[in-house]
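Colleague: Got a structure for you, questions after.
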Amino acid sequence: MKQPTTQQIVEKIADDYRRAGKALAHAAERNGGMSGFMNQANMDADAEAIMAAYNAGNFENVPASDVDKLMEKYGSADIYHLTASYFTSTGKILNVE
């Protein structure tokens, strides 16, 4: 199986954030509103932030041999969650070499 590119990973994360935001907005409509930091505006902002970092070339290049250690450190089950968690922690896009 071909490994996804950094661009494909970032685009999927951004798309997932946007979809989650829409789902939160829909749930809020049905339930009379929800409070908290998890809302459509915040999810959309997160999607825009990760895409902006990617487009600006704000990468952290790491060797493939470090991925397992990073997955353990960030409690991630896959490269998508790792990249999202890494971005949240560092503001950089994880780029596996």
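Just so we're on the same page: first chain in the structure tokens is A, next is B, and so on; residues restart at 1 for each chain, and ligands are numbered from 1 in the order they show up.
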Within 10 Å of A:Ala25, counting only C-alpha atoms, which residues qualify if same-chain residues fewer than 5 places away don't, as a ChimeraX atom specification?

Modeller: /A:19-20,30-31,33-34,38-41

Colleague: List the neighbours of A:Asn55 out to 12 Å using only C-alpha atoms; skip same-chain residues closer than 4 positions along the sequence, and give me the result as a list in words.

Modeller: Thr6, Gln7, Val10, Glu11, Glu48, Ala49, Ile50, Met51, Phe59, Lys92 and Ile93 of chain A

Colleague: In stretch 4-33 of chain A, what's helix (DSSP H, G or I) per DSSP? Answer as a ChimeraX atom specification?

Modeller: /A:6-30

Colleague: Mind checking which residues fall within 9 Å of A:Leu82, counting only C-alpha atoms, ignoring those fewer than 5 positions away in the same chain, and posting them as a PyMOL selection string?

Modeller: chain A and resi 67+70-71+74-77+87+94

Colleague: Can I get the selected residues back with all heavy atoms, as a CSV table (one decimal), in the first residue's frame?

Modeller:
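Full text of selection01.csv as output:
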```
chain,number,residue,atom,x,y,z
A,67,VAL,N,9.0,7.8,13.7
A,67,VAL,CA,7.5,7.9,13.8
A,67,VAL,C,6.9,7.1,14.9
A,67,VAL,O,6.0,7.6,15.6
A,67,VAL,CB,6.9,7.4,12.4
A,67,VAL,CG1,5.4,7.3,12.5
A,67,VAL,CG2,7.2,8.5,11.3
A,70,LEU,N,7.3,9.0,18.1
A,70,LEU,CA,6.4,10.1,18.2
A,70,LEU,C,4.9,9.7,18.4
A,70,LEU,O,4.2,10.3,19.1
A,70,LEU,CB,6.5,10.9,16.9
A,70,LEU,CG,7.8,11.7,16.7
A,70,LEU,CD1,7.9,12.3,15.3
A,70,LEU,CD2,7.8,12.8,17.7
A,71,MET,N,4.5,8.6,17.8
A,71,MET,CA,3.2,8.1,18.0
A,71,MET,C,2.9,7.7,19.4
A,71,MET,O,1.9,8.0,20.0
A,71,MET,CB,2.9,6.8,17.1
A,71,MET,CG,2.8,7.2,15.6
A,71,MET,SD,2.4,5.8,14.6
A,71,MET,CE,0.8,6.3,14.0
A,74,TYR,N,2.8,11.1,21.5
A,74,TYR,CA,1.6,11.9,21.3
A,74,TYR,C,0.3,11.0,21.4
A,74,TYR,O,-0.8,11.6,21.2
A,74,TYR,CB,1.6,12.6,19.9
A,74,TYR,CG,2.6,13.7,19.9
A,74,TYR,CD1,3.8,13.6,19.4
A,74,TYR,CD2,2.2,15.0,20.4
A,74,TYR,CE1,4.8,14.6,19.4
A,74,TYR,CE2,3.1,16.0,20.3
A,74,TYR,CZ,4.4,15.8,19.9
A,74,TYR,OH,5.3,16.9,19.9
A,75,GLY,N,0.4,9.8,21.7
A,75,GLY,CA,-0.7,8.9,21.9
A,75,GLY,C,-1.6,8.8,20.7
A,75,GLY,O,-2.8,8.8,20.7
A,76,SER,N,-0.9,8.6,19.5
A,76,SER,CA,-1.6,8.6,18.3
A,76,SER,C,-1.6,7.1,17.7
A,76,SER,O,-0.6,6.4,17.8
A,76,SER,CB,-0.9,9.5,17.3
A,76,SER,OG,-0.9,10.8,17.7
A,77,ALA,N,-2.7,6.8,17.1
A,77,ALA,CA,-2.9,5.5,16.5
A,77,ALA,C,-2.5,5.4,15.1
A,77,ALA,O,-2.2,4.3,14.5
A,77,ALA,CB,-4.3,5.0,16.7
A,87,PHE,N,0.9,19.1,15.1
A,87,PHE,CA,0.6,20.5,14.7
A,87,PHE,C,0.0,21.2,15.9
A,87,PHE,O,0.5,22.4,16.2
A,87,PHE,CB,-0.4,20.5,13.6
A,87,PHE,CG,-0.7,21.9,13.2
A,87,PHE,CD1,0.2,22.7,12.5
A,87,PHE,CD2,-1.9,22.4,13.5
A,87,PHE,CE1,-0.1,24.0,12.2
A,87,PHE,CE2,-2.3,23.8,13.2
A,87,PHE,CZ,-1.4,24.6,12.6
A,94,LEU,N,4.2,17.9,10.4
A,94,LEU,CA,5.1,16.8,10.5
A,94,LEU,C,5.3,16.2,9.1
A,94,LEU,O,4.3,15.9,8.4
A,94,LEU,CB,4.5,15.7,11.4
A,94,LEU,CG,5.3,14.5,11.7
A,94,LEU,CD1,6.5,14.9,12.5
A,94,LEU,CD2,4.5,13.4,12.4
```

Colleague: A:Val62, A:Ala52, A:Ile9, A:Ile79: which is nearest A:Asn95, counting only C-alpha atoms?

Modeller: A:Val62

Colleague: Write down as a PDB file with C-alpha atoms, in the first residue's frame the residues belonging to chain A that are assigned strand (DSSP E or B) by DSSP computed on the backbone.

Modeller:
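The resulting file, part_22.pdb, is reproduced below:
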```pdb
ATOM      1  CA  PHE A  59       7.373  21.727   8.201  1.00  0.00           C
ATOM      2  CA  GLU A  60       9.241  19.658  10.733  1.00  0.00           C
ATOM      3  CA  ASN A  61      11.153  16.987   8.824  1.00  0.00           C
ATOM      4  CA  VAL A  62      11.547  13.773  10.782  1.00  0.00           C
ATOM      5  CA  ILE A  93       3.467  20.132   9.899  1.00  0.00           C
ATOM      6  CA  LEU A  94       5.077  16.759  10.482  1.00  0.00           C
ATOM      7  CA  ASN A  95       6.874  15.704   7.298  1.00  0.00           C
ATOM      8  CA  VAL A  96       8.126  12.122   7.390  1.00  0.00           C
TER       9      VAL A  96
END
```

Colleague: Could you list, as a list of chain:residue names, every residue within 12 Å of A:Glu72, counting only C-alpha atoms and ignoring same-chain residues fewer than 6 positions away?

Modeller: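 These residues fall inside the cut-off: A:Asp66, A:Asp78, A:Ile79, A:His81, A:Leu82, A:Ser85, A:Tyr86.
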
Colleague: Tell me, in Å to one decimal, how far atom CA of A:Tyr54 is from atom CA of A:Ala14.

Modeller: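 Distance between the two atoms: 10.7 Å.
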